[in-house]
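Visitor: Pasting in a structure now, in structure tokens, and then I'll have a few things to ask.
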Amino acid sequence: MLVSKVEPPNWWVGLTPDVMVLLSGQHLEATHAECNLPSVKVMRTQSSADGHYLFVWLKIGADTRSGTLVCRLSSTASAAQFELPLAARKPTASRFHGLDVSDVMYLIMPDRFANGDPTNDEPADRPNSHDRSKPRAYHGGDLRGIREHLPYLKDFGVTTLWLTPILKNTTPDEYHGYGAVDLYAVDPHLGTVDDYQQLVADAHKLRMKIFFDAVPNHVGPHHPWVDDPPLPDWFHGTKQHHIDSYTPVKDSFYGMPEQQQNDLFELLVDPHATERLKRNSTEGWFFGILPDMNTENPVVQQYLIQNAIWWTETSGLDGLRVDTFAYIDRRFWTAWHAGLRKVYPNFFTIGEVYHPDPSVTSRFEGGQLWDRVETGLTTLFDFPLQFVLRDVLLHDAPAGRIADVLRHDSLYPRPNLLLPFFSNHDIKRFASEAGSSPAKLRLAFALTLTLRGIPQLYYGDEIGMPGGGDPDNRRDFPGGWKEDPHNAFTAEGRTPEEQATFSYVQSLLRIRREHPALQSGTLWHLSSDASSYVFLRETEEERLLVALNKSAKPVELHIPVADTPAKGISVTARLFGDATASIARNELTLTLPPESLSILSIN
Ligand SMILES: [Ca+2]
Ligand SMILES: [Ca+2]
């Protein structure tokens, strides 16, 4: 009998009364298990048929003190033991903050941001994994690099960092972190668990927050479970026999045009769709290669809930971004959120539902029971708005399309918590889209930072970083490596054009911070047409008018304001941009410069 791995590697007293330990090793067919603390009971055990795994369910009595739990295992043939350190919890007051409308999130791919520790660029057990000249290899960025640049991010004006997954991966092309081979280890290129704890602690000292990228839907194709699962039904299917999440159902199902594939997410929110119709999405292997966890299995559920609690409790992180949210049956999310919120009652989660239609995305948010299932999800990235921002600014769609997306806010229980964004690690850089320009990029920032919700920005866009589709949209932040000739982390190092975009965004972030109406104010449409969209953000204390003109020509607008919250205004003051305004008899006249967004304070 040999125990080679203990998951979770440690736990806490006073956290959860039940813990399921998964042991890996050899000959683990234990018939008896017993621990050294009388207040900790072994409730049951279950070994895999090949003896490579043993599940041990423990009950930790309320009177248990911190210390190292030692549990002895035996069978007729042999014996072994494993240890589970049980720590006291750290004070919770300064941890697990969640987000509110005053926050602005900034997405970082840790391998591509800043190299704080060149000694981990190519760990001993990962030869030939580091090569900055290859877009699909590790470049050397790490957790220490992010920690060293917290002052840059604080000064820029964002409050929250979302890091793409930091879990251990295997091959060089998994620099992005989405191919986990160990759900309890930090990838050695990025640092250690200790580095992650320090990053969260330092961020909290600066009153910043850290979000962890959780991927309960799948593990990496090289995870040892794939060839040797702990249970026969640990995954949906096997390496040899599984379905592909993209396998389309019959194209003509909803009467779509023939060339258009049926949309799997639409089926997921169709109350009339059978399990059979939804299985491709929820049980298929993502891209046909990522092993899909059997999230219906209660043992898998407990493993995944404990894993999320472990990272949260270990680091004090502030919430989770949840990858591929739609690809898991909704009933799993009920159990997963309930498990997390038993420990962290206000736990904040953001789901990735990559879809342009708010009638689809909204159905995944918690707090609604259209199919009698409470997903528990706090909020979502606003993908529909992302599609529209690009269509409006880059592809000649009328500016009124922005209002068209926002009118669907009635479908969301908490629209003010949605995360508007125009860019992330899966989408071509805005600056490199056909027809883009620095002026258009600035407008994308300006809308993201003034519309309702909690904005999410993507590293490097603030200096107009170029890049095509994945992986070219994940280039290194210039200046993050000592040898970089060009350092965009400092004002002196930035080119004049980089500096122009950086200061434009920094000013907007400051104005957003100083004006609660841009955070929590009710949003009212005042006018919209092909090239302009004018809206109001209103709180009891202030009213701000925001005016976009996306066309290359100046625009003059005459907006009747009777029967609007702007009725009776007499004065305007410019906070941002160069629009001019005058008011006569309940008509607001606005002159908007070409390709501009302006913010006016009115009263
Ligand atoms: Ca490094
Ligand atoms: Ca799935």
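Chain labels A, B, ... are given in the sequence in which chains occur in the structure tokens; within each chain residues are numbered consecutively from 1, and ligands are likewise numbered from 1 in the order shown.
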Step by step, measure atom-to-atom distances between ligand 1 and each residue using only C-alpha atoms and all ligand atoms, keep those at most 8 Å, then write them as number ranges by chain.

Guide: A: 111, 114-122, 139-142, 145, 189-191

Visitor: Please return as a PyMOL selection string the residues found within 7 Å of ligand 2, counting only C-alpha atoms and all ligand atoms.

Guide: chain A and resi 217-218+281-285+292-293+327-328

Visitor: Any chance you could export the current selection's N, CA, C and O atoms as a compact mmCIF listing (two decimals), in the first residue's frame?

Guide:
```
# COMPACT_ATOMS: atom_id res chain seq x y z
N ASN A 217 -15.69 22.43 -15.55
CA ASN A 217 -16.22 21.62 -16.65
C ASN A 217 -15.26 20.53 -17.12
O ASN A 217 -15.69 19.46 -17.51
N HIS A 218 -13.96 20.84 -17.11
CA HIS A 218 -13.02 19.88 -17.68
C HIS A 218 -11.64 20.03 -17.06
O HIS A 218 -11.36 21.01 -16.38
N SER A 281 -23.79 19.51 -25.59
CA SER A 281 -23.15 20.63 -24.90
C SER A 281 -22.67 20.25 -23.52
O SER A 281 -21.56 20.59 -23.12
N THR A 282 -23.52 19.58 -22.75
CA THR A 282 -23.19 19.40 -21.33
C THR A 282 -22.30 18.19 -21.08
O THR A 282 -21.64 18.13 -20.06
N GLU A 283 -22.30 17.23 -22.01
CA GLU A 283 -21.48 16.04 -21.78
C GLU A 283 -20.39 15.85 -22.82
O GLU A 283 -19.56 14.95 -22.70
N GLY A 284 -20.38 16.70 -23.85
CA GLY A 284 -19.34 16.58 -24.86
C GLY A 284 -18.01 17.10 -24.35
O GLY A 284 -17.96 17.91 -23.43
N TRP A 285 -16.92 16.62 -24.94
CA TRP A 285 -15.59 17.10 -24.58
C TRP A 285 -15.33 18.38 -25.37
O TRP A 285 -15.45 18.39 -26.60
N ASP A 292 -14.33 15.86 -20.10
CA ASP A 292 -15.47 16.51 -19.49
C ASP A 292 -15.84 15.83 -18.17
O ASP A 292 -16.21 14.65 -18.14
N MET A 293 -15.75 16.58 -17.09
CA MET A 293 -16.03 16.00 -15.77
C MET A 293 -17.49 15.55 -15.70
O MET A 293 -18.40 16.24 -16.18
N TYR A 327 -21.58 24.81 -20.33
CA TYR A 327 -21.29 23.41 -20.71
C TYR A 327 -21.49 22.42 -19.57
O TYR A 327 -21.07 21.26 -19.67
N ILE A 328 -22.06 22.88 -18.47
CA ILE A 328 -22.36 21.99 -17.35
C ILE A 328 -23.86 22.06 -17.09
O ILE A 328 -24.44 23.15 -17.10
```

Visitor: To one decimal place, how far is atom CA of A:Asn297 from atom CA of A:Arg331 in Å?

Guide: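 It comes out at 11.2 Å.
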
Visitor: Enumerate, as a VMD selection string, the complete set of residues in stretch 51-112 of chain A that a backbone-based DSSP assignment places in strand (DSSP E or B).

Guide: chain A and resid 53 to 60 67 to 74 79 to 87 105 to 108

Visitor: What parts of stretch 67-294 of chain A does DSSP call helix (DSSP H, G or I)? I'd like the answer as a PyMOL selection string.

Guide: chain A and resi 110-112+118-120+143-148+150-156+172-174+193-205+224-226+264-268+275-283

Visitor: Using only C-alpha atoms, which of A:Gly400, A:Pro420, A:Pro188, A:Pro516 sits nearest A:Ile350?

Guide: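 For A:Ile350, the nearest of the given residues is A:Pro420.
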
Visitor: Kindly give the distance, in Å, that separates atom CA of A:Gly179 and atom CA of A:Tyr106, rounded to a single decimal.

Guide: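 Distance between the two atoms: 22.2 Å.
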
Visitor: With 12 Å as the cut-off and only C-alpha atoms counted, what is the closest atom pair between each nearby residue of stretch 436-544 of chain A and stretch 555-575 of chain A? Distances in Å to one decimal, ordered by chain and number, as a tab-separated table.

Guide:
```
residue	atom	partner	partner_atom	distance
A:Ser507	CA	A:Leu575	CA	10.0
A:Leu508	CA	A:Leu575	CA	9.6
A:Arg510	CA	A:Leu575	CA	10.9
A:Ile511	CA	A:Leu575	CA	7.7
A:Arg512	CA	A:Leu575	CA	10.5
A:Glu514	CA	A:Leu575	CA	10.8
A:His515	CA	A:Leu575	CA	10.1
A:Leu518	CA	A:Leu575	CA	11.9
A:Thr522	CA	A:Pro565	CA	10.2
A:Leu523	CA	A:Pro565	CA	10.2
A:Trp524	CA	A:Pro565	CA	7.9
A:His525	CA	A:Thr564	CA	9.1
A:Leu526	CA	A:Ile559	CA	7.3
A:Ser527	CA	A:Ile559	CA	6.9
A:Ser528	CA	A:Leu557	CA	9.9
A:Asp529	CA	A:Leu557	CA	10.2
A:Ala530	CA	A:Val555	CA	11.2
A:Ser531	CA	A:Val555	CA	8.5
A:Ser532	CA	A:Val555	CA	8.1
A:Tyr533	CA	A:Leu557	CA	10.3
A:Val534	CA	A:Ile559	CA	9.3
A:Phe535	CA	A:Ala566	CA	10.0
A:Leu536	CA	A:Ala566	CA	7.9
A:Arg537	CA	A:Pro565	CA	9.6
A:Glu538	CA	A:Pro565	CA	8.1
A:Thr539	CA	A:Pro565	CA	10.6
A:Glu540	CA	A:Pro565	CA	11.2
A:Glu542	CA	A:Ala566	CA	11.1
A:Arg543	CA	A:Ala566	CA	8.0
A:Leu544	CA	A:Leu575	CA	9.1
```

Visitor: Next, dump the selected residues to file, keeping only C-alpha atoms, as a PDB file, in the first residue's frame.

Guide:
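Just written: again17.pdb:
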```
ATOM      1  CA  SER A 507      -8.944  59.895 -16.903  1.00  0.00           C
ATOM      2  CA  LEU A 508     -12.124  57.949 -17.530  1.00  0.00           C
ATOM      3  CA  ARG A 510     -10.778  58.534 -12.374  1.00  0.00           C
ATOM      4  CA  ILE A 511     -14.057  60.175 -13.422  1.00  0.00           C
ATOM      5  CA  ARG A 512     -15.882  56.875 -12.932  1.00  0.00           C
ATOM      6  CA  GLU A 514     -15.293  60.117  -8.501  1.00  0.00           C
ATOM      7  CA  HIS A 515     -18.864  59.981  -9.825  1.00  0.00           C
ATOM      8  CA  LEU A 518     -21.360  56.265 -13.472  1.00  0.00           C
ATOM      9  CA  THR A 522     -30.004  54.487 -13.388  1.00  0.00           C
ATOM     10  CA  LEU A 523     -29.411  54.535 -17.130  1.00  0.00           C
ATOM     11  CA  TRP A 524     -31.928  56.399 -19.318  1.00  0.00           C
ATOM     12  CA  HIS A 525     -31.824  56.527 -23.133  1.00  0.00           C
ATOM     13  CA  LEU A 526     -32.141  60.167 -24.291  1.00  0.00           C
ATOM     14  CA  SER A 527     -31.573  59.685 -28.006  1.00  0.00           C
ATOM     15  CA  SER A 528     -30.013  57.309 -30.444  1.00  0.00           C
ATOM     16  CA  ASP A 529     -29.548  57.049 -34.184  1.00  0.00           C
ATOM     17  CA  ALA A 530     -27.067  55.698 -36.710  1.00  0.00           C
ATOM     18  CA  SER A 531     -24.046  57.538 -35.364  1.00  0.00           C
ATOM     19  CA  SER A 532     -24.936  58.784 -31.895  1.00  0.00           C
ATOM     20  CA  TYR A 533     -26.199  57.468 -28.590  1.00  0.00           C
ATOM     21  CA  VAL A 534     -26.946  59.838 -25.710  1.00  0.00           C
ATOM     22  CA  PHE A 535     -27.820  58.544 -22.276  1.00  0.00           C
ATOM     23  CA  LEU A 536     -28.211  59.723 -18.719  1.00  0.00           C
ATOM     24  CA  ARG A 537     -26.850  58.149 -15.545  1.00  0.00           C
ATOM     25  CA  GLU A 538     -28.921  59.313 -12.593  1.00  0.00           C
ATOM     26  CA  THR A 539     -28.624  58.980  -8.835  1.00  0.00           C
ATOM     27  CA  GLU A 540     -30.394  61.087  -6.216  1.00  0.00           C
ATOM     28  CA  GLU A 542     -26.243  63.765  -9.541  1.00  0.00           C
ATOM     29  CA  ARG A 543     -27.195  63.409 -13.176  1.00  0.00           C
ATOM     30  CA  LEU A 544     -24.570  62.802 -15.836  1.00  0.00           C
TER      31      LEU A 544
END
```

Visitor: Expressed in Å to a single decimal, how great is the separation between atom CA of A:Pro17 and atom CA of A:Asp182?

Guide: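 Atom CA of A:Asp182 lies at a distance of 24.7 Å from atom CA of A:Pro17.
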
Visitor: Kindly indicate which residue among A:Asp357, A:Asp103, A:Asp233, A:Glu174 lies nearest to A:Val300, using only C-alpha atoms for the distances.

Guide: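 Checking each candidate against A:Val300, we get A:Asp233 as the closest.
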
Visitor: Using only C-alpha atoms, find the one residue out of A:Glu365, A:Arg95, A:Pro298, A:Glu352 that sits nearest to A:Phe332.

Guide: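 Of the candidates, the smallest distance to A:Phe332 is held by A:Pro298.
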
Visitor: From the set A:Pro358, A:Gly177, A:Pro151, A:Gly480, which residue has the shortest atom-to-atom contact distance to A:Asp409, counting only C-alpha atoms?

Guide: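 For A:Asp409, the nearest of the candidates is A:Pro358.
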